[in-house]
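model.txt, holding compact mmCIF, C-alpha atoms:
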```txt
# COMPACT_ATOMS: atom_id res chain seq x y z
CA MET A 1 13.01 44.24 -36.37
CA LEU A 2 13.03 40.57 -35.33
CA LYS A 3 10.15 38.37 -36.45
CA GLU A 4 7.91 37.17 -33.62
CA LEU A 5 7.93 33.48 -32.68
CA LYS A 6 4.84 32.50 -30.68
CA ILE A 7 4.89 29.59 -28.20
CA ALA A 8 1.92 27.92 -26.49
CA LEU A 9 2.58 25.90 -23.34
CA LEU A 10 0.17 23.05 -22.52
CA GLY A 11 0.34 22.32 -18.80
CA LEU A 12 1.74 24.20 -15.83
CA GLY A 13 2.61 21.42 -13.42
CA THR A 14 6.16 20.51 -12.40
CA VAL A 15 7.45 20.23 -15.98
CA GLY A 16 5.38 23.07 -17.40
CA SER A 17 6.41 25.45 -14.63
CA GLY A 18 10.05 24.55 -15.20
CA VAL A 19 9.69 25.26 -18.91
CA TYR A 20 7.96 28.60 -18.29
CA THR A 21 10.67 29.73 -15.86
CA SER A 22 13.49 28.58 -18.14
CA ILE A 23 12.12 30.39 -21.18
CA MET A 24 11.47 33.62 -19.28
CA ASP A 25 14.85 33.58 -17.52
CA ARG A 26 16.73 32.95 -20.77
CA LYS A 27 14.52 34.90 -23.13
CA GLY A 28 17.27 37.24 -24.33
CA ALA A 29 19.75 34.44 -25.02
CA LEU A 30 17.10 32.39 -26.84
CA GLU A 31 16.10 35.34 -29.01
CA GLU A 32 19.72 35.94 -29.96
CA LEU A 33 20.26 32.28 -30.87
CA LEU A 34 16.98 31.93 -32.78
CA GLY A 35 16.98 35.32 -34.46
CA HIS A 36 13.33 35.75 -33.42
CA ARG A 37 11.48 37.70 -30.76
CA LEU A 38 9.86 35.17 -28.41
CA LYS A 39 6.30 35.48 -27.16
CA LEU A 40 4.52 33.04 -24.87
CA SER A 41 1.11 33.43 -26.46
CA SER A 42 -0.88 31.24 -24.03
CA ILE A 43 -0.65 28.64 -21.27
CA LEU A 44 -3.20 25.83 -20.94
CA ILE A 45 -4.06 25.06 -17.32
CA LYS A 46 -6.34 22.50 -15.70
CA ASP A 47 -7.75 24.52 -12.80
CA SER A 48 -8.49 28.14 -13.63
CA SER A 49 -9.36 28.93 -10.01
CA LYS A 50 -5.82 28.22 -8.77
CA ALA A 51 -3.61 31.26 -8.24
CA ARG A 52 -0.34 31.31 -10.21
CA PRO A 53 1.36 34.58 -9.20
CA PHE A 54 4.68 33.63 -10.80
CA VAL A 55 3.14 33.87 -14.30
CA LYS A 56 3.46 37.41 -15.62
CA GLY A 57 1.88 38.81 -18.78
CA VAL A 58 0.85 35.49 -20.36
CA PRO A 59 -2.82 34.58 -20.94
CA LEU A 60 -3.99 31.51 -18.99
CA THR A 61 -6.84 29.36 -20.26
CA SER A 62 -8.45 26.04 -19.39
CA GLU A 63 -9.72 25.59 -22.96
CA PHE A 64 -7.37 24.07 -25.54
CA GLU A 65 -9.15 25.74 -28.45
CA LYS A 66 -8.37 29.15 -26.99
CA ALA A 67 -4.74 28.17 -26.35
CA ILE A 68 -4.01 27.64 -30.04
CA GLY A 69 -7.07 28.99 -31.84
CA GLU A 70 -7.20 32.68 -31.04
CA GLU A 71 -3.52 33.27 -31.87
CA VAL A 72 -2.05 30.25 -33.67
CA PRO A 73 1.42 29.60 -32.20
CA ASP A 74 4.51 28.56 -34.12
CA VAL A 75 5.48 26.02 -31.45
CA VAL A 76 3.39 24.05 -28.96
CA ILE A 77 5.07 22.54 -25.89
CA GLU A 78 3.07 19.62 -24.48
CA ALA A 79 3.70 19.19 -20.73
CA ILE A 80 0.47 17.47 -19.72
CA GLY A 81 1.54 13.82 -19.65
CA GLY A 82 -0.55 10.69 -20.18
CA ILE A 83 -2.14 9.51 -23.41
CA GLU A 84 -5.31 11.58 -23.58
CA PRO A 85 -6.03 14.39 -24.01
CA ALA A 86 -2.32 14.94 -24.80
CA ARG A 87 -2.44 12.91 -28.03
CA SER A 88 -5.49 14.75 -29.33
CA TYR A 89 -3.99 18.13 -28.47
CA ILE A 90 -0.74 17.23 -30.26
CA ILE A 91 -2.61 16.08 -33.37
CA GLN A 92 -4.68 19.26 -33.48
CA SER A 93 -1.55 21.37 -33.03
CA LEU A 94 0.24 19.59 -35.88
CA GLU A 95 -2.79 19.91 -38.12
CA ALA A 96 -2.78 23.65 -37.39
CA GLY A 97 0.81 23.84 -38.68
CA CYS A 98 2.56 24.07 -35.31
CA HIS A 99 5.84 22.41 -34.37
CA VAL A 100 5.35 20.32 -31.22
CA ILE A 101 7.78 19.51 -28.38
CA SER A 102 6.96 16.81 -25.83
CA ALA A 103 8.53 14.85 -22.95
CA ASN A 104 5.65 12.36 -22.82
CA LYS A 105 7.45 8.98 -22.93
CA ASP A 106 4.47 6.61 -22.71
CA LEU A 107 2.60 8.54 -25.40
CA ILE A 108 5.65 8.67 -27.67
CA ALA A 109 6.41 4.98 -27.14
CA ARG A 110 2.90 4.11 -28.32
CA HIS A 111 2.14 6.84 -30.87
CA GLY A 112 5.46 8.49 -31.73
CA GLU A 113 5.58 7.10 -35.27
CA GLU A 114 2.05 8.28 -36.04
CA LEU A 115 2.73 11.77 -34.67
CA THR A 116 6.04 12.08 -36.51
CA GLU A 117 4.34 11.13 -39.78
CA ARG A 118 1.56 13.66 -39.19
CA ALA A 119 4.17 16.34 -38.53
CA ALA A 120 6.08 15.51 -41.71
CA ALA A 121 2.88 15.65 -43.76
CA LYS A 122 2.29 19.19 -42.49
CA GLY A 123 5.89 20.29 -42.97
CA VAL A 124 6.49 20.73 -39.24
CA ARG A 125 8.42 18.76 -36.63
CA PHE A 126 7.53 16.66 -33.59
CA VAL A 127 10.53 16.50 -31.21
CA TYR A 128 10.92 14.81 -27.84
CA GLU A 129 14.48 14.77 -26.45
CA ALA A 130 13.29 14.96 -22.83
CA SER A 131 11.23 11.76 -23.16
CA VAL A 132 14.18 9.37 -22.75
CA GLY A 133 16.91 10.64 -20.44
CA GLY A 134 15.50 13.82 -18.91
CA GLY A 135 18.27 16.38 -19.23
CA ILE A 136 20.71 13.99 -20.92
CA PRO A 137 20.89 14.88 -24.65
CA ILE A 138 20.88 11.28 -25.83
CA LEU A 139 18.58 11.49 -28.87
CA ARG A 140 20.29 14.48 -30.45
CA THR A 141 23.74 13.05 -29.70
CA LEU A 142 22.81 9.90 -31.58
CA ARG A 143 21.22 11.68 -34.55
CA GLU A 144 23.44 14.75 -34.88
CA LEU A 145 26.89 13.74 -33.60
CA LEU A 146 27.15 10.00 -34.40
CA ARG A 147 25.85 10.11 -37.95
CA ILE A 148 28.37 7.69 -39.51
CA ASN A 149 28.60 5.36 -36.50
CA ARG A 150 26.73 2.07 -36.35
CA ILE A 151 25.11 1.75 -32.91
CA GLN A 152 25.89 -1.78 -31.76
CA HIS A 153 24.39 -1.77 -28.29
CA VAL A 154 23.16 0.48 -25.52
CA GLU A 155 23.23 0.01 -21.75
CA ALA A 156 21.28 2.61 -19.82
CA ILE A 157 19.93 3.64 -16.44
CA LEU A 158 16.75 5.46 -17.43
CA ASN A 159 14.77 5.67 -14.19
CA GLY A 160 16.08 7.89 -11.41
CA THR A 161 13.63 6.55 -8.82
CA SER A 162 14.86 2.97 -9.15
CA ASN A 163 18.48 4.10 -9.14
CA PHE A 164 17.93 6.13 -5.96
CA ILE A 165 16.24 3.20 -4.20
CA LEU A 166 18.99 0.72 -5.07
CA SER A 167 21.73 3.22 -4.13
CA TYR A 168 20.07 4.03 -0.81
CA MET A 169 19.52 0.38 0.10
CA ARG A 170 23.20 -0.39 -0.47
CA THR A 171 24.68 2.63 1.29
CA THR A 172 22.40 2.67 4.36
CA GLY A 173 21.35 -0.96 4.82
CA SER A 174 17.71 0.01 4.38
CA SER A 175 15.00 -2.27 3.08
CA PHE A 176 13.26 -1.71 -0.25
CA GLU A 177 10.16 -0.44 1.53
CA GLU A 178 12.15 2.08 3.58
CA ALA A 179 14.02 3.35 0.52
CA LEU A 180 10.78 3.71 -1.46
CA GLU A 181 9.13 5.66 1.37
CA LEU A 182 12.05 8.10 1.44
CA ALA A 183 11.96 8.45 -2.37
CA GLN A 184 8.30 9.42 -2.11
CA LYS A 185 8.98 11.94 0.67
CA LYS A 186 11.71 13.56 -1.45
CA GLY A 187 9.44 13.69 -4.49
CA TYR A 188 11.54 11.24 -6.52
CA ALA A 189 8.69 8.69 -6.60
CA GLU A 190 5.02 9.27 -7.31
CA PRO A 191 2.34 8.41 -4.70
CA ASP A 192 1.65 5.45 -6.99
CA PRO A 193 5.19 4.33 -7.90
CA THR A 194 4.15 1.36 -10.04
CA ASN A 195 5.63 2.55 -13.33
CA ASP A 196 8.97 3.29 -11.69
CA ILE A 197 9.49 0.21 -9.54
CA GLU A 198 8.02 -2.30 -12.00
CA GLY A 199 10.21 -1.08 -14.86
CA LEU A 200 7.43 0.33 -17.05
CA ASP A 201 8.84 3.86 -17.11
CA ALA A 202 12.22 2.55 -18.31
CA PHE A 203 10.44 0.26 -20.78
CA TYR A 204 8.58 3.14 -22.44
CA LYS A 205 11.84 5.09 -22.73
CA ALA A 206 13.57 2.02 -24.18
CA MET A 207 10.89 1.73 -26.85
CA VAL A 208 11.36 5.38 -27.80
CA LEU A 209 15.12 4.80 -27.96
CA SER A 210 14.76 1.67 -30.11
CA LYS A 211 12.54 3.45 -32.63
CA TRP A 212 14.92 6.42 -32.72
CA ILE A 213 18.06 4.34 -33.28
CA TYR A 214 16.87 1.46 -35.45
CA GLY A 215 13.62 2.74 -36.90
CA VAL A 216 11.59 -0.10 -35.35
CA GLN A 217 10.52 -1.41 -31.97
CA PRO A 218 10.66 -5.01 -30.78
CA SER A 219 7.33 -6.68 -30.14
CA TRP A 220 6.07 -5.29 -26.83
CA GLU A 221 4.92 -8.74 -25.71
CA GLU A 222 8.36 -10.27 -26.24
CA VAL A 223 10.37 -7.75 -24.22
CA GLN A 224 11.53 -8.95 -20.82
CA VAL A 225 10.54 -6.30 -18.28
CA GLU A 226 11.38 -6.77 -14.61
CA GLY A 227 11.30 -4.16 -11.87
CA ILE A 228 13.08 -3.88 -8.53
CA GLY A 229 10.19 -4.66 -6.16
CA ASN A 230 11.52 -8.13 -5.31
CA VAL A 231 15.14 -7.12 -4.66
CA LEU A 232 16.36 -7.99 -1.15
CA LEU A 233 18.89 -5.97 0.81
CA GLU A 234 20.79 -9.20 1.52
CA GLU A 235 21.22 -9.83 -2.20
CA ILE A 236 22.73 -6.37 -2.65
CA GLN A 237 25.06 -6.99 0.30
CA LEU A 238 26.13 -10.38 -1.04
CA ALA A 239 26.99 -8.88 -4.41
CA GLU A 240 28.90 -6.02 -2.82
CA GLN A 241 31.24 -8.59 -1.26
CA LEU A 242 32.03 -9.67 -4.82
CA GLY A 243 32.61 -6.07 -5.98
CA LEU A 244 29.24 -5.81 -7.75
CA ARG A 245 26.48 -3.18 -7.64
CA LEU A 246 22.86 -3.60 -8.70
CA LYS A 247 21.50 -1.25 -11.38
CA HIS A 248 18.15 -1.25 -13.14
CA LEU A 249 19.24 -1.35 -16.78
CA VAL A 250 17.87 -1.07 -20.27
CA LEU A 251 19.87 -3.39 -22.55
CA LEU A 252 19.33 -2.87 -26.31
CA ASN A 253 21.39 -4.13 -29.24
CA ASP A 254 21.43 -4.00 -33.03
CA ARG A 255 19.66 -7.37 -33.24
CA LEU A 256 16.68 -5.69 -31.56
CA ASP A 257 17.13 -7.70 -28.37
CA LEU A 258 15.75 -5.64 -25.48
CA GLN A 259 15.70 -6.33 -21.76
CA VAL A 260 14.65 -4.05 -18.91
CA GLN A 261 15.76 -5.59 -15.63
CA PRO A 262 17.97 -5.44 -12.52
CA VAL A 263 21.57 -6.24 -13.48
CA PHE A 264 24.76 -6.37 -11.43
CA VAL A 265 27.82 -4.54 -12.79
CA ASP A 266 31.44 -4.70 -11.68
CA SER A 267 33.60 -1.83 -10.43
CA ASP A 268 35.20 -1.23 -13.85
CA HIS A 269 31.86 -0.87 -15.62
CA PRO A 270 31.03 2.74 -16.68
CA LEU A 271 27.63 2.61 -14.93
CA TYR A 272 28.99 1.31 -11.59
CA GLY A 273 29.38 4.81 -10.10
CA VAL A 274 26.05 6.24 -11.32
CA GLU A 275 24.25 6.86 -8.04
CA GLY A 276 21.16 8.55 -6.64
CA VAL A 277 18.62 9.93 -9.10
CA ASP A 278 21.10 10.28 -11.98
CA ASN A 279 20.51 8.57 -15.31
CA ALA A 280 23.23 7.39 -17.68
CA VAL A 281 23.49 5.95 -21.17
CA ARG A 282 26.45 3.94 -22.48
CA ILE A 283 26.60 3.65 -26.26
CA GLN A 284 28.81 1.15 -28.11
CA THR A 285 29.52 2.05 -31.74
CA ASP A 286 31.63 0.47 -34.47
CA LEU A 287 33.78 3.59 -35.04
CA LEU A 288 33.94 5.71 -31.91
CA GLY A 289 33.83 2.81 -29.49
CA CYS A 290 32.15 3.52 -26.15
CA LEU A 291 30.54 6.79 -25.11
CA THR A 292 28.83 7.36 -21.75
CA LEU A 293 26.47 10.25 -21.02
CA GLN A 294 25.37 10.91 -17.43
CA GLY A 295 23.19 13.50 -15.77
CA PRO A 296 19.86 14.30 -14.08
CA GLY A 297 17.17 12.08 -15.51
CA ALA A 298 14.14 13.87 -14.14
CA GLY A 299 12.96 17.00 -12.39
CA ALA A 300 11.72 20.38 -13.57
CA GLU A 301 15.08 21.88 -14.50
CA ALA A 302 16.51 18.79 -16.23
CA THR A 303 13.37 18.28 -18.32
CA ALA A 304 13.07 21.98 -19.09
CA SER A 305 16.68 22.00 -20.29
CA ALA A 306 15.94 19.32 -22.87
CA ILE A 307 12.69 20.97 -23.97
CA VAL A 308 14.28 24.39 -24.45
CA GLU A 309 17.16 22.81 -26.38
CA ASP A 310 14.54 21.11 -28.57
CA LEU A 311 13.08 24.55 -29.27
CA LEU A 312 16.46 25.65 -30.61
CA SER A 313 16.89 22.37 -32.52
CA ILE A 314 13.64 22.86 -34.45
CA TYR A 315 15.11 25.90 -36.18
CA GLU A 316 18.78 24.90 -36.31
CA THR A 317 18.90 21.24 -37.40
CA ARG A 318 16.05 20.70 -39.85
CA GLU A 319 18.27 19.24 -42.60
CA VAL A 320 19.88 16.70 -40.25
CA TYR A 321 16.50 15.03 -39.74
CA ARG A 322 15.12 15.23 -43.24
CA ASN A 323 14.40 11.81 -44.81
CA LYS A 324 16.39 9.96 -42.13
CA PRO A 325 14.01 7.76 -40.16
CA ALA A 326 16.68 5.92 -38.13
CA VAL A 327 20.17 6.45 -36.79
CA SER A 328 21.60 2.99 -37.39
CA GLU A 329 20.91 -0.37 -39.01
CA LEU A 330 19.93 -3.71 -37.58
CA CYS A 331 22.09 -6.83 -37.77
CA PRO A 332 20.86 -10.40 -38.32
CA LYS A 333 19.97 -12.38 -35.22
CA LYS A 334 22.73 -14.63 -33.95
CA GLN A 335 21.82 -18.31 -33.93
CA GLU A 336 24.39 -19.56 -31.46
CA GLN A 337 23.78 -19.27 -27.73
CA GLU A 338 25.87 -16.60 -26.03
CA VAL A 339 27.77 -17.33 -22.83
CA ASN A 340 26.61 -14.91 -20.14
CA THR A 341 27.41 -14.28 -16.49
CA TYR A 342 24.88 -14.50 -13.65
CA LEU A 343 24.71 -14.11 -9.89
CA LEU A 344 22.96 -17.14 -8.41
CA VAL A 345 21.51 -16.43 -4.95
CA GLY A 346 20.18 -19.13 -2.63
CA GLU A 347 20.28 -20.60 0.83
CA LYS A 348 23.78 -21.66 1.74
CA ILE A 349 22.46 -25.01 2.91
CA ASP A 350 21.19 -25.67 -0.63
CA PHE A 351 24.58 -25.04 -2.24
CA THR A 352 25.93 -28.45 -1.36
CA LYS A 353 29.14 -29.77 -2.86
CA GLU A 354 27.13 -32.04 -5.13
CA ARG A 355 24.91 -29.20 -6.41
CA VAL A 356 27.84 -26.86 -6.94
CA SER A 357 29.55 -29.61 -8.91
CA ALA A 358 26.36 -29.97 -10.96
CA ILE A 359 26.39 -26.23 -11.71
CA GLU A 360 30.03 -26.52 -12.77
CA ARG A 361 29.05 -29.12 -15.32
CA HIS A 362 27.03 -26.37 -17.04
CA GLY A 363 29.59 -23.57 -16.79
CA ILE A 364 32.23 -21.94 -14.62
CA ILE A 365 31.94 -20.60 -11.07
CA LEU A 366 34.03 -17.44 -11.05
CA ASP A 367 33.53 -16.53 -7.39
CA ARG A 368 31.31 -17.16 -4.36
CA THR A 369 30.37 -15.56 -1.07
CA SER A 370 27.86 -15.90 1.78
CA LEU A 371 26.11 -13.87 4.47
CA ARG A 372 25.59 -15.00 8.05
CA PHE A 373 23.05 -13.04 10.06
CA GLN A 374 20.59 -14.22 12.71
CA HIS A 375 17.76 -14.06 10.22
CA THR A 376 19.44 -15.27 7.07
CA SER A 377 22.13 -17.51 5.70
CA LEU A 378 22.31 -16.67 2.00
CA ALA A 379 25.05 -17.53 -0.44
CA ALA A 380 25.82 -16.35 -3.96
CA LEU A 381 27.73 -17.86 -6.86
CA LEU A 382 29.13 -15.79 -9.73
CA TYR A 383 28.46 -18.15 -12.61
CA GLU A 384 29.44 -18.00 -16.28
CA GLY A 385 27.47 -20.27 -18.58
CA PRO A 386 24.07 -21.05 -20.07
CA LEU A 387 20.65 -21.14 -18.43
CA PRO A 388 18.47 -22.81 -17.30
CA LEU A 389 20.38 -24.89 -14.78
CA GLU A 390 19.11 -28.47 -14.89
CA GLU A 391 20.54 -31.76 -13.72
CA GLU A 392 18.94 -35.06 -14.64
CA ASP A 393 15.71 -33.31 -15.61
CA GLU A 394 15.55 -31.41 -12.30
CA PHE A 395 16.20 -27.73 -11.75
CA ILE A 396 19.01 -26.88 -9.36
CA PRO A 397 17.31 -24.75 -6.63
CA VAL A 398 18.22 -21.06 -6.37
CA ASN A 399 16.22 -18.16 -4.93
CA SER A 400 17.19 -15.51 -7.49
CA ILE A 401 19.15 -15.26 -10.72
CA TYR A 402 20.53 -11.86 -11.76
CA PRO A 403 22.39 -11.06 -14.99
CA VAL A 404 25.88 -9.63 -14.47
CA ARG A 405 27.62 -7.22 -16.85
CA LEU A 406 31.38 -7.45 -16.45
CA SER A 407 33.56 -4.74 -17.97
CA LYS A 408 35.69 -7.51 -19.45
CA SER A 409 35.03 -11.16 -20.15
CA GLY A 410 35.20 -13.29 -17.04
CA LYS A 411 37.45 -15.73 -18.89
CA GLY A 412 36.18 -18.38 -16.56
CA ALA A 413 37.93 -21.19 -18.43
CA GLU A 414 41.26 -19.66 -17.46
CA LYS A 415 40.41 -19.36 -13.74
CA GLU A 416 40.85 -22.01 -11.10
CA LYS A 417 37.64 -23.41 -9.67
CA VAL A 418 36.59 -21.73 -6.45
CA PRO A 419 36.83 -24.18 -3.54
CA VAL A 420 33.59 -25.27 -1.88
CA ALA A 421 33.33 -25.82 1.83
CA GLU A 422 32.50 -29.37 2.89
```

The structure given in the file should be rewritten as structure tokens.
Amino acid sequence: MLKELKIALLGLGTVGSGVYTSIMDRKGALEELLGHRLKLSSILIKDSSKARPFVKGVPLTSEFEKAIGEEVPDVVIEAIGGIEPARSYIIQSLEAGCHVISANKDLIARHGEELTERAAAKGVRFVYEASVGGGIPILRTLRELLRINRIQHVEAILNGTSNFILSYMRTTGSSFEEALELAQKKGYAEPDPTNDIEGLDAFYKAMVLSKWIYGVQPSWEEVQVEGIGNVLLEEIQLAEQLGLRLKHLVLLNDRLDLQVQPVFVDSDHPLYGVEGVDNAVRIQTDLLGCLTLQGPGAGAEATASAIVEDLLSIYETREVYRNKPAVSELCPKKQEQEVNTYLLVGEKIDFTKERVSAIERHGIILDRTSLRFQHTSLAALLYEGPLPLEEEDEFIPVNSIYPVRLSKSGKGAEKEKVPVAE
């Protein structure tokens, strides 16, 4: 007879309901893979007066102590979100000798190290695949399948709301406000979308990813975090004329440089075609080269997929994680300034021949374009070189400066200068 494996589920909202349904629908397959008979021993809910007819044969309780105290589970799945009481519940579960699975990115970004250490001290595991890329198995791919690869850098779209908004603006000609309103109607954005549109959601995920790969996080205060709230439709249209698309990216490398910001990519870049609410992660390693993973980054089913796979991982991959705090190693910081590419956006009237010549004294103009509508006359320069742009102690005026990730080096020195209209 199979040994019983008891699971307590904390939370029955969007994520918790998805986890419950996934476990019940796949109970037979999970039992065969785990070699245990599964039992959902309890579900912690917030409002005990609310009817939940889809839950069959599982005790519901609004008291945490009853969820894990009356019948101590083997595994606790935390699907509450936020810092408290989730952190306290996780600590109490670990202290009781339970493995814990979570998708709580902001909690893990802040307290993941502490919780992992507490788990190790009790001989259990704290796992959180769903906290970074939703249904994309990025953490386990890095730890289990790239074990002898050095991770050199990562480029990632880690927020489906921002990706949907930018995709919708470009394809329909809608404003940011219109795209955000639709995202909220579809349930892609929260009523308060601050964390999504200001880049905080992607930032928390980036911090989890940094700790997972390199064993450390950069100083939170030093990380450049920029959202998409100031992006104009006209800027997206300008860039499209140059073959560029705007993505909200996490950029992390083995020198622990981390940026979270809107970045334009060209048509040959692996993330160029990632549209809608999808997430994607592009990993550069020293041995394999480049690997790109793409899939749903949020939603009940995507998150439940990662959580249920974590349940299997707890019992199948223990030795892979033993005494291995990081996936890869850091490299020394480079002292020399790197040459990067940027899209400079400004009023066409400000890009005079003299100012363009001044910009060319700093670097190379690879391309240029302009928009002419009744309400705007914007221009953009694709520029390769250092920042800031100064000339005789004065800044050259531009409205916006966006980083650009080209699939190959622009090789601006080999290109002819782009002619400037008189």

Open item on the list: Distance cut-off 9 Å, centre (23.8, 8.3, -30.4) in file coordinates, counting all atoms listed in the file: which residues qualify? Return them as a VMD selection string.
Closed with: chain A and resid 138 to 147 149 151 213 283 285 291 327

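By all atoms listed in the file, and with residues fewer than 3 positions from Glu275 in chain A along its chain excluded, the set lying at most 7 Å from it is Asn163, Phe164, Ser167 and Asp278 of chain A.
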
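Rounded to one decimal, CA of Ile7 in chain A and CA of Ile43 in chain A lie 8.9 Å from each other.
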
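The space between CA of Gly227 in chain A and CA of Gly199 in chain A spans 4.4 Å.
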
Task: Nearest-residue call for Leu288 in chain A, choices A:Arg150, A:Lys122, A:Lys186, A:Arg110, using all atoms listed in the file - done: A:Arg150

Open item on the list: Just the number, please: distance in Å from CA of Leu271 in chain A to CA of Gln241 in chain A, one decimal.
Closed with: 18.0 Å

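Nearest residue to Lys6 in chain A, choosing from A:Glu221, A:Asp310, A:Glu95, A:Glu31 and counting all atoms listed in the file: A:Glu31.
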
TODO: Find the spatial neighbours of Thr61 in chain A, counting only C-alpha atoms, within a cut-off of 8 Å - ignore same-chain residues fewer than 3 positions away - and output them as a PyMOL selection string.
DONE: chain A and resi 42-45+48+64+66-67

Residue selection dump (C-alpha atoms) as a compact mmCIF listing (two decimals), in the coordinates of the input:
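Below is the file again_17.txt, written as the result:
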```
# COMPACT_ATOMS: atom_id res chain seq x y z
CA SER A 42 -0.88 31.24 -24.03
CA ILE A 43 -0.65 28.64 -21.27
CA LEU A 44 -3.20 25.83 -20.94
CA ILE A 45 -4.06 25.06 -17.32
CA SER A 48 -8.49 28.14 -13.63
CA PHE A 64 -7.37 24.07 -25.54
CA LYS A 66 -8.37 29.15 -26.99
CA ALA A 67 -4.74 28.17 -26.35
```
